[in-house]
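Notes for the one structure printed next.
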Amino acid sequence: MILSDDYKNIVKLRFNNINELPDSFFKEYYQQIINPNTFNNGLFNVFSLKDVLYYLQKSHVEYLNVWYPKIETITNKIQKQIGVNELTLTLNTFLVNYFNELSNHINFEEKVLYNFVNKLLNNIYVESEKVFVLNHFLETHSHAIEDDLLSIQKRLINLNPDIKNNSNFVELFNLFKLLHNDLKIHGLIEDEVLIDKIYQYIDNHF
Ligand SMILES: [Fe+2]
Ligand SMILES: [Fe+2]
């Protein structure tokens, strides 16, 4: 997997502290996106709680406003090329459900977890809220949303193995893989970096 310049330029906007980050940071960050199994939360030690929140919020906006429309554009191209059939219907149904689910996931996080962090950053802290928000998040935070992208790819290939040679499908599957990996790192940052930074921040400020 090779990350395009387009991708690298887009994700740079997630970093509030970009001027403090050395090239070596990006080298490792991109490596983690290429292979999420190498995720190492230590890479984000230089981030403040505010930086992590900024990164995560920007990513949410990006998923819905950049990556989703890109996927839609390719799906429209496919529909034009091969018409309406079982394959395109399966793909379209999946995408509608998928982005509904992704928006719900994002809305919930913004409303509950990120809102709590924003309050901390504005010096508002209620201990009972911390217990509720963090327990609830840790118990319910799901990573299924990433893996769905790989299972739909399998389902489509099962329906018609020839699509592996269709350049539009190849482009679509590359985008699925990229989004899958990116979302995986995003979820790990929420689980392992954000939560840790929240505890540290509370310890230091309240
Ligand atoms: Fe998120
Ligand atoms: Fe999440």
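Here, A, B, ... name the chains of the structure tokens in the order displayed, residue numbers run from 1 inside each chain, and ligands are numbered from 1 in the same displayed order.
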Nearby residues, ligand 2, 7 Å, only C-alpha atoms and all ligand atoms, as a PDB file with N, CA and C atoms, in the first residue's frame:
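Saved as out32.pdb:
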```
ATOM      1  N   HIS A 105     -22.024   6.902  14.946  1.00  0.00           N
ATOM      2  CA  HIS A 105     -20.841   6.668  15.785  1.00  0.00           C
ATOM      3  C   HIS A 105     -20.166   8.017  16.110  1.00  0.00           C
ATOM      4  N   ILE A 106     -19.983   8.808  15.051  1.00  0.00           N
ATOM      5  CA  ILE A 106     -19.323  10.104  15.192  1.00  0.00           C
ATOM      6  C   ILE A 106     -20.153  11.055  16.062  1.00  0.00           C
ATOM      7  N   GLU A 109     -19.948  10.147  19.733  1.00  0.00           N
ATOM      8  CA  GLU A 109     -18.656  10.506  20.339  1.00  0.00           C
ATOM      9  C   GLU A 109     -18.555  12.011  20.567  1.00  0.00           C
ATOM     10  N   HIS A 141     -17.447   1.399  22.973  1.00  0.00           N
ATOM     11  CA  HIS A 141     -16.736   1.837  21.773  1.00  0.00           C
ATOM     12  C   HIS A 141     -16.469   0.644  20.861  1.00  0.00           C
ATOM     13  N   SER A 142     -17.032   0.688  19.660  1.00  0.00           N
ATOM     14  CA  SER A 142     -16.948  -0.468  18.763  1.00  0.00           C
ATOM     15  C   SER A 142     -15.992  -0.197  17.610  1.00  0.00           C
ATOM     16  N   HIS A 186      -7.545   5.706  14.073  1.00  0.00           N
ATOM     17  CA  HIS A 186      -8.400   6.695  14.738  1.00  0.00           C
ATOM     18  C   HIS A 186      -9.012   6.095  16.022  1.00  0.00           C
ATOM     19  N   GLY A 187      -9.557   4.892  15.905  1.00  0.00           N
ATOM     20  CA  GLY A 187     -10.182   4.224  17.057  1.00  0.00           C
ATOM     21  C   GLY A 187      -9.168   3.929  18.151  1.00  0.00           C
ATOM     22  N   GLU A 190      -8.407   7.026  20.010  1.00  0.00           N
ATOM     23  CA  GLU A 190      -9.479   7.302  20.987  1.00  0.00           C
ATOM     24  C   GLU A 190      -9.314   6.437  22.233  1.00  0.00           C
TER      25      GLU A 190
END
```
- Message: So that I can check the surroundings of Tyr98 of chain A, please list as a PyMOL selection string every protein, DNA and RNA residue that reaches within 12 Å of it, counting only C-alpha atoms and ignoring chain neighbours fewer than 2 positions away.
- Response: chain A and resi 63-64+68+71+90-96+100-105+144-149+151-152+176
- Message: Please identify the alpha helix (DSSP H) residues within segment 2-203 of chain A (assignment by DSSP from backbone atoms) and present them as a VMD selection string.
- Response: chain A and resid 5 to 12 23 to 34 49 to 62 68 to 82 86 to 109 115 to 121 127 to 140 144 to 159 167 to 188 195 to 203
Selection export as a tab-separated table (two decimals), in the first residue's frame, atoms kept: C-alpha atoms:
```
chain	number	residue	atom	x	y	z
A	5	ASP	CA	0.33	12.86	-1.83
A	6	ASP	CA	-3.34	13.76	-1.90
A	7	TYR	CA	-3.95	11.67	1.23
A	8	LYS	CA	-0.86	13.05	2.97
A	9	ASN	CA	-1.89	16.63	2.27
A	10	ILE	CA	-5.43	16.07	3.48
A	11	VAL	CA	-4.44	14.41	6.75
A	12	LYS	CA	-1.93	17.16	7.56
A	23	ASP	CA	9.48	14.75	9.70
A	24	SER	CA	10.21	11.58	11.66
A	25	PHE	CA	6.77	11.88	13.27
A	26	PHE	CA	5.06	11.75	9.90
A	27	LYS	CA	7.27	8.94	8.72
A	28	GLU	CA	6.12	6.76	11.62
A	29	TYR	CA	2.55	7.99	11.47
A	30	TYR	CA	2.25	7.02	7.79
A	31	GLN	CA	3.85	3.69	8.59
A	32	GLN	CA	1.13	3.06	11.18
A	33	ILE	CA	-1.57	3.94	8.64
A	34	ILE	CA	-0.02	1.50	6.15
A	49	LEU	CA	-5.18	16.87	25.21
A	50	LYS	CA	-6.26	19.78	23.04
A	51	ASP	CA	-4.14	18.56	20.10
A	52	VAL	CA	-5.60	15.05	20.32
A	53	LEU	CA	-9.15	16.39	20.41
A	54	TYR	CA	-8.37	18.63	17.42
A	55	TYR	CA	-6.93	15.69	15.49
A	56	LEU	CA	-9.95	13.48	16.19
A	57	GLN	CA	-12.53	16.14	15.42
A	58	LYS	CA	-10.84	17.10	12.16
A	59	SER	CA	-10.73	13.43	11.20
A	60	HIS	CA	-14.47	13.06	11.81
A	61	VAL	CA	-15.23	16.00	9.54
A	62	GLU	CA	-12.83	14.61	6.95
A	68	TYR	CA	-17.37	9.72	1.73
A	69	PRO	CA	-17.85	11.96	-1.34
A	70	LYS	CA	-14.76	10.38	-2.95
A	71	ILE	CA	-16.30	6.93	-2.47
A	72	GLU	CA	-19.63	8.19	-3.84
A	73	THR	CA	-17.91	9.56	-6.95
A	74	ILE	CA	-16.34	6.19	-7.72
A	75	THR	CA	-19.60	4.33	-7.04
A	76	ASN	CA	-21.40	6.63	-9.45
A	77	LYS	CA	-18.75	5.89	-12.08
A	78	ILE	CA	-19.29	2.18	-11.52
A	79	GLN	CA	-23.05	2.53	-11.79
A	80	LYS	CA	-22.64	4.40	-15.09
A	81	GLN	CA	-20.26	1.76	-16.36
A	82	ILE	CA	-22.14	-1.42	-15.46
A	86	GLU	CA	-27.18	-7.03	-8.00
A	87	LEU	CA	-23.61	-5.85	-7.61
A	88	THR	CA	-24.35	-2.12	-7.69
A	89	LEU	CA	-27.49	-2.55	-5.58
A	90	THR	CA	-25.53	-4.43	-2.93
A	91	LEU	CA	-22.83	-1.76	-2.98
A	92	ASN	CA	-25.28	1.15	-2.77
A	93	THR	CA	-27.29	-0.41	0.04
A	94	PHE	CA	-24.10	-1.08	1.95
A	95	LEU	CA	-22.84	2.49	1.53
A	96	VAL	CA	-26.10	4.10	2.66
A	97	ASN	CA	-26.14	1.94	5.81
A	98	TYR	CA	-22.44	2.27	6.39
A	99	PHE	CA	-22.35	6.05	6.37
A	100	ASN	CA	-25.48	6.22	8.51
A	101	GLU	CA	-23.74	4.07	11.05
A	102	LEU	CA	-20.50	6.03	10.79
A	103	SER	CA	-22.39	9.32	11.32
A	104	ASN	CA	-24.15	7.85	14.35
A	105	HIS	CA	-20.84	6.67	15.78
A	106	ILE	CA	-19.32	10.10	15.19
A	107	ASN	CA	-22.32	12.04	16.56
A	108	PHE	CA	-22.37	9.99	19.71
A	109	GLU	CA	-18.66	10.51	20.34
A	115	ASN	CA	-18.08	17.41	24.69
A	116	PHE	CA	-16.75	16.24	28.05
A	117	VAL	CA	-13.17	16.96	26.90
A	118	ASN	CA	-14.16	20.39	25.64
A	119	LYS	CA	-15.58	21.19	29.05
A	120	LEU	CA	-12.36	20.05	30.74
A	121	LEU	CA	-10.38	22.34	28.45
A	127	GLU	CA	-16.35	13.87	38.69
A	128	SER	CA	-19.61	11.91	38.34
A	129	GLU	CA	-19.71	12.91	34.69
A	130	LYS	CA	-16.20	11.58	34.20
A	131	VAL	CA	-17.19	8.20	35.61
A	132	PHE	CA	-20.28	8.02	33.43
A	133	VAL	CA	-18.67	9.24	30.21
A	134	LEU	CA	-15.48	7.20	30.39
A	135	ASN	CA	-17.12	3.96	31.54
A	136	HIS	CA	-19.79	4.26	28.93
A	137	PHE	CA	-17.28	4.98	26.18
A	138	LEU	CA	-14.89	2.20	27.14
A	139	GLU	CA	-17.71	-0.35	27.34
A	140	THR	CA	-19.45	0.55	24.12
A	144	ALA	CA	-16.76	-3.08	13.85
A	145	ILE	CA	-17.18	-0.04	11.64
A	146	GLU	CA	-13.68	-0.44	10.17
A	147	ASP	CA	-13.97	-4.13	9.40
A	148	ASP	CA	-17.26	-3.68	7.53
A	149	LEU	CA	-15.30	-2.11	4.69
A	150	LEU	CA	-13.30	-5.26	4.15
A	151	SER	CA	-16.31	-7.57	4.42
A	152	ILE	CA	-18.30	-5.69	1.75
A	153	GLN	CA	-15.30	-5.98	-0.56
A	154	LYS	CA	-15.31	-9.78	-0.07
A	155	ARG	CA	-19.06	-9.95	-0.66
A	156	LEU	CA	-18.81	-8.01	-3.91
A	157	ILE	CA	-15.92	-10.14	-5.18
A	158	ASN	CA	-17.93	-13.27	-4.33
A	159	LEU	CA	-20.81	-11.94	-6.43
A	167	SER	CA	-10.10	-0.26	-12.60
A	168	ASN	CA	-13.03	1.50	-10.91
A	169	PHE	CA	-13.46	-1.33	-8.43
A	170	VAL	CA	-9.71	-1.43	-7.86
A	171	GLU	CA	-9.83	2.30	-7.06
A	172	LEU	CA	-12.83	1.74	-4.76
A	173	PHE	CA	-11.19	-1.14	-2.90
A	174	ASN	CA	-7.97	0.86	-2.46
A	175	LEU	CA	-10.03	3.61	-0.89
A	176	PHE	CA	-11.84	1.11	1.35
A	177	LYS	CA	-8.51	-0.28	2.52
A	178	LEU	CA	-7.14	3.21	3.18
A	179	LEU	CA	-10.25	4.25	5.11
A	180	HIS	CA	-10.24	0.95	7.01
A	181	ASN	CA	-6.65	1.49	8.15
A	182	ASP	CA	-7.18	5.16	8.92
A	183	LEU	CA	-10.30	4.43	10.98
A	184	LYS	CA	-8.47	1.70	12.84
A	185	ILE	CA	-5.72	4.11	13.92
A	186	HIS	CA	-8.40	6.69	14.74
A	187	GLY	CA	-10.18	4.22	17.06
A	188	LEU	CA	-6.92	3.25	18.74
A	195	ILE	CA	-8.47	8.38	27.35
A	196	ASP	CA	-4.96	8.49	28.80
A	197	LYS	CA	-4.63	12.22	28.12
A	198	ILE	CA	-8.01	12.82	29.80
A	199	TYR	CA	-6.87	11.09	33.02
A	200	GLN	CA	-3.56	12.97	32.96
A	201	TYR	CA	-5.30	16.29	32.39
A	202	ILE	CA	-7.73	15.73	35.25
A	203	ASP	CA	-4.86	14.74	37.55
```
